[in-house]
$ cat model01.txt   # compact mmCIF, C-alpha atoms
# COMPACT_ATOMS: atom_id res chain seq x y z
CA ALA A 1 -3.40 11.60 25.95
CA SER A 2 -3.55 7.83 26.12
CA PRO A 3 -0.80 5.79 24.40
CA ASP A 4 -3.01 5.03 21.40
CA GLY A 5 -4.01 8.66 20.95
CA ARG A 6 -7.67 7.98 21.66
CA PRO A 7 -8.61 11.56 22.60
CA LYS A 8 -7.40 12.70 19.18
CA ARG A 9 -9.45 9.96 17.55
CA LEU A 10 -12.53 10.98 19.51
CA ALA A 11 -12.03 14.55 18.29
CA PHE A 12 -11.84 13.18 14.76
CA ILE A 13 -15.09 11.27 15.28
CA THR A 14 -16.84 14.41 16.55
CA ALA A 15 -15.70 16.35 13.52
CA TYR A 16 -16.51 13.71 10.90
CA THR A 17 -19.68 11.99 12.12
CA PRO A 18 -22.45 13.30 9.80
CA LYS A 19 -25.00 15.63 11.38
CA ARG A 20 -27.77 13.50 9.90
CA THR A 21 -26.59 10.56 12.02
CA SER A 22 -27.76 10.87 15.61
CA GLY A 23 -28.91 8.85 18.58
CA LEU A 24 -28.09 5.15 18.61
CA ALA A 25 -26.98 5.15 14.96
CA GLY A 26 -24.58 8.01 15.64
CA THR A 27 -23.17 6.26 18.68
CA MET A 28 -22.69 3.01 16.80
CA LEU A 29 -21.05 4.82 13.91
CA ALA A 30 -18.70 6.62 16.29
CA LEU A 31 -17.73 3.31 17.86
CA THR A 32 -17.03 1.72 14.47
CA ILE A 33 -14.90 4.67 13.41
CA LEU A 34 -13.08 4.54 16.76
CA ALA A 35 -12.43 0.84 16.22
CA ALA A 36 -11.15 1.60 12.75
CA THR A 37 -8.81 4.32 13.95
CA THR A 38 -7.55 2.25 16.86
CA ALA A 39 -6.77 -0.58 14.43
CA GLY A 40 -4.99 1.81 12.12
CA ALA A 41 -7.72 2.04 9.50
CA VAL A 42 -7.68 5.83 9.87
CA LYS A 43 -4.33 7.51 10.41
CA SER A 44 -4.40 10.87 12.20
CA ASN A 45 -1.56 12.15 10.05
CA GLY A 46 -3.40 12.53 6.76
CA LEU A 47 -6.48 10.41 7.53
CA ALA A 48 -5.21 7.58 5.33
CA VAL A 49 -7.82 4.88 4.94
CA SER A 50 -7.81 1.78 2.75
CA ARG A 51 -10.96 0.52 1.07
CA ARG A 52 -10.54 -2.82 2.80
CA SER A 53 -10.02 -1.40 6.29
CA ALA A 54 -12.91 1.02 5.99
CA PHE A 55 -15.19 -1.76 4.77
CA GLN A 56 -14.09 -4.14 7.51
CA ALA A 57 -14.28 -1.46 10.20
CA LEU A 58 -17.93 -0.90 9.37
CA GLY A 59 -18.60 -4.64 9.55
CA GLY A 60 -18.92 -5.46 5.87
CA ALA A 61 -21.90 -5.10 3.57
CA VAL A 62 -24.58 -5.21 6.28
CA ALA A 63 -23.07 -2.38 8.30
CA ILE A 64 -22.36 -0.38 5.13
CA ASN A 65 -26.07 -0.50 4.32
CA VAL A 66 -27.03 0.51 7.86
CA PHE A 67 -24.60 3.42 7.89
CA ALA A 68 -24.91 4.34 4.22
CA PRO A 69 -25.38 8.09 4.92
CA ALA A 70 -22.14 8.10 6.88
CA ALA A 71 -20.29 6.13 4.21
CA TYR A 72 -21.30 8.71 1.63
CA ALA A 73 -20.68 11.73 3.86
CA LEU A 74 -17.18 10.78 5.03
CA LYS A 75 -14.55 11.74 2.44
CA PHE A 76 -10.92 10.62 2.40
CA PRO A 77 -9.43 11.98 -0.86
CA GLY A 78 -5.84 12.03 0.37
CA GLU A 79 -3.19 14.32 -1.07
CA GLN A 80 -2.51 14.64 -4.78
CA PRO A 81 0.94 13.22 -5.57
CA LYS A 82 3.50 15.80 -6.56
CA ASP A 83 5.68 13.48 -8.63
CA LEU A 84 3.36 12.41 -11.43
CA GLY A 85 4.00 13.02 -15.12
CA VAL A 86 6.24 11.68 -17.89
CA ARG A 87 9.86 11.05 -16.93
CA PRO A 88 12.77 12.09 -19.18
CA ASP A 89 13.00 8.52 -20.50
CA GLY A 90 9.29 8.52 -21.39
CA SER A 91 8.19 6.33 -18.49
CA LEU A 92 5.58 7.03 -15.85
CA LYS A 93 5.92 6.63 -12.10
CA GLY A 94 6.22 3.09 -10.77
CA CYS A 95 4.24 1.62 -7.87
CA PRO A 96 4.69 1.29 -4.10
CA SER A 97 4.80 -2.15 -2.50
CA SER A 98 1.07 -2.13 -1.71
CA PRO A 99 -1.28 -4.03 -4.07
CA ASN A 100 -3.30 -0.99 -5.12
CA CYS A 101 -1.39 0.14 -8.20
CA TRP A 102 -0.68 -0.90 -11.79
CA SER A 103 1.93 0.77 -14.00
CA THR A 104 3.85 0.11 -17.20
CA SER A 105 6.85 1.05 -15.03
CA GLY A 106 5.91 -1.26 -12.17
CA ASP A 107 7.92 -4.13 -10.74
CA ALA A 108 6.99 -7.78 -11.27
CA GLN A 109 3.99 -7.51 -8.92
CA HIS A 110 2.59 -4.30 -10.43
CA ILE A 111 3.59 -4.18 -14.08
CA ILE A 112 1.12 -4.03 -16.96
CA LYS A 113 1.64 -4.01 -20.70
CA PRO A 114 1.37 -0.72 -22.58
CA LEU A 115 -1.55 -0.18 -24.90
CA GLU A 116 -0.59 -0.31 -28.59
CA TYR A 117 -2.09 1.55 -31.53
CA SER A 118 -1.71 1.09 -35.28
CA LYS A 119 -2.87 4.51 -36.45
CA ASN A 120 -1.29 7.94 -36.40
CA LYS A 121 -0.55 9.47 -33.04
CA ASP A 122 -3.12 12.26 -33.29
CA ALA A 123 -5.86 9.72 -34.01
CA ALA A 124 -4.72 7.61 -31.05
CA ILE A 125 -4.84 10.65 -28.75
CA ALA A 126 -8.33 11.49 -30.03
CA ASP A 127 -9.50 7.92 -29.35
CA LEU A 128 -8.09 7.94 -25.83
CA VAL A 129 -9.52 11.33 -24.87
CA SER A 130 -12.89 10.36 -26.31
CA VAL A 131 -13.01 7.17 -24.23
CA LEU A 132 -11.92 8.97 -21.06
CA LYS A 133 -14.46 11.79 -21.48
CA ALA A 134 -17.18 9.18 -21.96
CA TYR A 135 -16.29 7.32 -18.75
CA PRO A 136 -19.59 7.38 -16.78
CA GLN A 137 -19.68 9.90 -13.95
CA GLU A 138 -21.94 7.49 -12.06
CA GLY A 139 -19.21 4.84 -12.25
CA ILE A 140 -19.15 1.40 -13.83
CA THR A 141 -20.19 -2.05 -12.70
CA THR A 142 -17.44 -4.67 -12.72
CA ALA A 143 -17.78 -8.28 -13.88
CA ASP A 144 -18.47 -9.38 -10.28
CA GLY A 145 -21.25 -6.82 -9.86
CA ASN A 146 -19.45 -4.15 -7.85
CA LEU A 147 -19.87 -0.43 -8.54
CA ILE A 148 -16.59 1.47 -8.82
CA ASP A 149 -15.81 5.16 -9.37
CA GLY A 150 -19.33 6.14 -8.34
CA GLY A 151 -18.08 9.45 -6.94
CA GLY A 152 -17.25 10.77 -10.39
CA ASN A 153 -14.12 11.51 -12.38
CA GLN A 154 -12.33 14.46 -13.93
CA ILE A 155 -9.58 15.10 -16.44
CA VAL A 156 -7.03 17.23 -14.60
CA SER A 157 -4.50 17.55 -17.42
CA ASN A 158 -4.67 16.88 -21.16
CA ASP A 159 -1.50 18.06 -22.88
CA ALA A 160 0.21 16.75 -26.02
CA GLY A 161 -0.71 13.12 -25.46
CA TYR A 162 -0.37 13.11 -21.67
CA VAL A 163 -3.67 12.73 -19.80
CA TYR A 164 -4.01 12.78 -16.03
CA MET A 165 -7.34 11.87 -14.44
CA GLN A 166 -8.76 11.48 -10.96
CA PHE A 167 -11.44 8.92 -10.11
CA THR A 168 -13.43 9.03 -6.87
CA SER A 169 -15.25 6.25 -5.04
CA LYS A 170 -18.87 6.80 -4.06
CA ARG A 171 -18.36 5.61 -0.50
CA PHE A 172 -15.70 7.40 1.56
CA GLY A 173 -14.51 9.49 -1.40
CA PHE A 174 -11.23 7.67 -2.05
CA VAL A 175 -9.34 9.21 -4.99
CA ASP A 176 -7.22 7.27 -7.47
CA ASP A 177 -4.73 8.92 -9.82
CA VAL A 178 -4.63 7.64 -13.39
CA GLU A 179 -2.16 8.63 -16.12
CA PHE A 180 -1.79 7.92 -19.83
CA SER A 181 1.08 8.90 -22.12
CA VAL A 182 0.57 8.44 -25.86
CA GLN A 183 4.04 8.07 -27.29
CA ASP A 184 5.66 7.88 -30.70
CA GLY A 185 6.13 4.37 -31.97
CA GLY A 186 2.62 3.14 -31.28
CA GLN A 187 2.56 2.72 -27.51
CA VAL A 188 0.58 4.25 -24.64
CA LYS A 189 2.15 4.06 -21.19
CA LEU A 190 -0.33 4.03 -18.31
CA ARG A 191 -0.60 4.00 -14.54
CA SER A 192 -3.53 3.71 -12.11
CA ALA A 193 -2.95 3.95 -8.36
CA SER A 194 -4.76 4.56 -5.10
CA ARG A 195 -3.42 7.42 -3.01
CA GLN A 196 -3.62 5.68 0.32
CA GLY A 197 -4.28 2.44 2.12
CA ASP A 198 -3.35 -1.07 1.01
CA SER A 199 -5.89 -3.11 -0.92
CA ASP A 200 -8.03 -1.43 -3.58
CA LEU A 201 -10.39 -4.42 -3.88
CA GLY A 202 -9.45 -4.70 -7.57
CA VAL A 203 -10.65 -1.22 -8.52
CA ASN A 204 -7.59 -0.01 -10.42
CA GLY A 205 -7.34 -3.12 -12.55
CA ALA A 206 -11.06 -3.12 -13.35
CA ARG A 207 -10.93 0.53 -14.40
CA LEU A 208 -8.01 0.00 -16.78
CA LYS A 209 -9.66 -3.07 -18.30
CA TYR A 210 -12.82 -1.07 -18.97
CA ILE A 211 -10.88 1.73 -20.67
CA ALA A 212 -8.88 -0.78 -22.71
CA ALA A 213 -12.05 -2.53 -23.86
CA LYS A 214 -13.57 0.77 -25.00
CA LEU A 215 -10.43 1.58 -26.98
CA ALA A 216 -10.51 -1.86 -28.61
CA GLU A 217 -14.03 -1.09 -29.86
CA LYS A 218 -12.63 1.79 -31.91
CA GLY A 219 -10.34 -0.51 -33.90
CA GLY A 220 -6.63 -0.21 -34.46
CA TRP A 221 -5.74 -0.97 -30.86
CA LYS A 222 -4.03 -3.85 -29.07
CA THR A 223 -5.26 -3.74 -25.50
CA GLU A 224 -3.99 -6.83 -23.70
CA LEU A 225 -2.82 -5.40 -20.35
CA GLY A 226 -1.69 -8.66 -18.78
CA ILE A 227 -3.81 -8.29 -15.62

$ encode --input "model01.txt" --output "structure tokens"
Amino acid sequence: ASPDGRPKRLAFITAYTPKRTSGLAGTMLALTILAATTAGAVKSNGLAVSRRSAFQALGGAVAINVFAPAAYALKFPGEQPKDLGVRPDGSLKGCPSSPNCWSTSGDAQHIIKPLEYSKNKDAAIADLVSVLKAYPQEGITTADGNLIDGGGNQIVSNDAGYVYMQFTSKRFGFVDDVEFSVQDGGQVKLRSASRQGDSDLGVNGARLKYIAAKLAEKGGWKTELGI
């Protein structure tokens, strides 16, 4: 194998290039994926891809439109973290150094304020679950006109005030893990993080702002996240 592992990357391209893409389009797509892998956009150990690197590897918006079938067919969900959940002290997991995570347990670069409620805890849980179940499966459009979470979402766990959800991007199938913990004393701890890559292009922050705004509409909530 060559020093950069190119034969392995070519095998990856063969396996992941959509069958519907053939001829010149297929060749061009293979070359863009090869360029992405060579640059580190796709890591052979786990196929870790960032939204930014995948977007740049395909040449931005123009290339994304040209290769739209491939962008939708390729899926990079990553592995579900094994260390999520509420800690003994009531906190949630913090964030890595990469700018694709927000948490009430984050450091100065990643911290957000907890949500606050002024009703009984059961009512707060009901509000939260209602808002999360109503989150559009087709995704939402952000203030700058971008579609996020177009690949759908699902509630993985809903137990005694702890809710764990997964949100998927429409292109490339990136999965983000999102947690909420409704706690005694009127606070809700929360965390939203991408599984892999570096930049999330603002997705995690936009998602949390949307959820906070929907909770505010129900009344009895303070939803200033500080992001």

$ closest_atom_pairs --input "model01.txt" --of "stretch 104-125 of chain A" --to "stretch 197-221 of chain A" --cutoff "6 Å" --atoms "all atoms listed in the file" --output "CSV"
residue,atom,partner,partner_atom,distance
A:Glu116,CA,A:Trp221,CA,5.7
A:Tyr117,CA,A:Trp221,CA,4.5
A:Ser118,CA,A:Gly220,CA,5.2

$ atom_distance --input "model01.txt" --atom1 "atom CA of A:Gly186" --atom2 "atom CA of A:Lys222"
9.9 Å

$ atom_distance --input "model01.txt" --atom1 "atom CA of A:Lys119" --atom2 "atom CA of A:Val163"
18.6 Å

$ atom_distance --input "model01.txt" --atom1 "atom CA of A:Ile148" --atom2 "atom CA of A:Val178"
14.2 Å

$ closest_residue --input "model01.txt" --among "A:Ala123, A:Ala108, A:Leu225, A:Val175" --to "A:Lys189" --atoms "all atoms listed in the file"
A:Leu225

$ residues_around --input "model01.txt" --residues "A:Ala126" --least-positions-apart "3" --cutoff "12 Å" --atoms "all atoms listed in the file" --output "list in words"
Tyr117, Lys119, Asn120, Lys121, Asp122, Ala123, Val129, Ser130, Val131, Leu132, Lys133, Asn158, Asp159, Ala160, Gly161, Tyr162, Val163, Val182, Leu215 and Lys218 of chain A

$ residues_around --input "model01.txt" --residues "A:Leu92" --least-positions-apart "2" --cutoff "8 Å" --atoms "all atoms listed in the file" --output "ChimeraX atom specification"
/A:84-87,90,94,103-105,179,181,189-191

$ axis_aligned_box --input "model01.txt" --around "stretch 159-170 of chain A" --padding-each-side "8 Å" --output "lines of an AutoDock Vina configuration file"
center_x = -9.3
center_y = 12.2
center_z = -15.0
size_x = 35.1
size_y = 27.8
size_z = 38.0
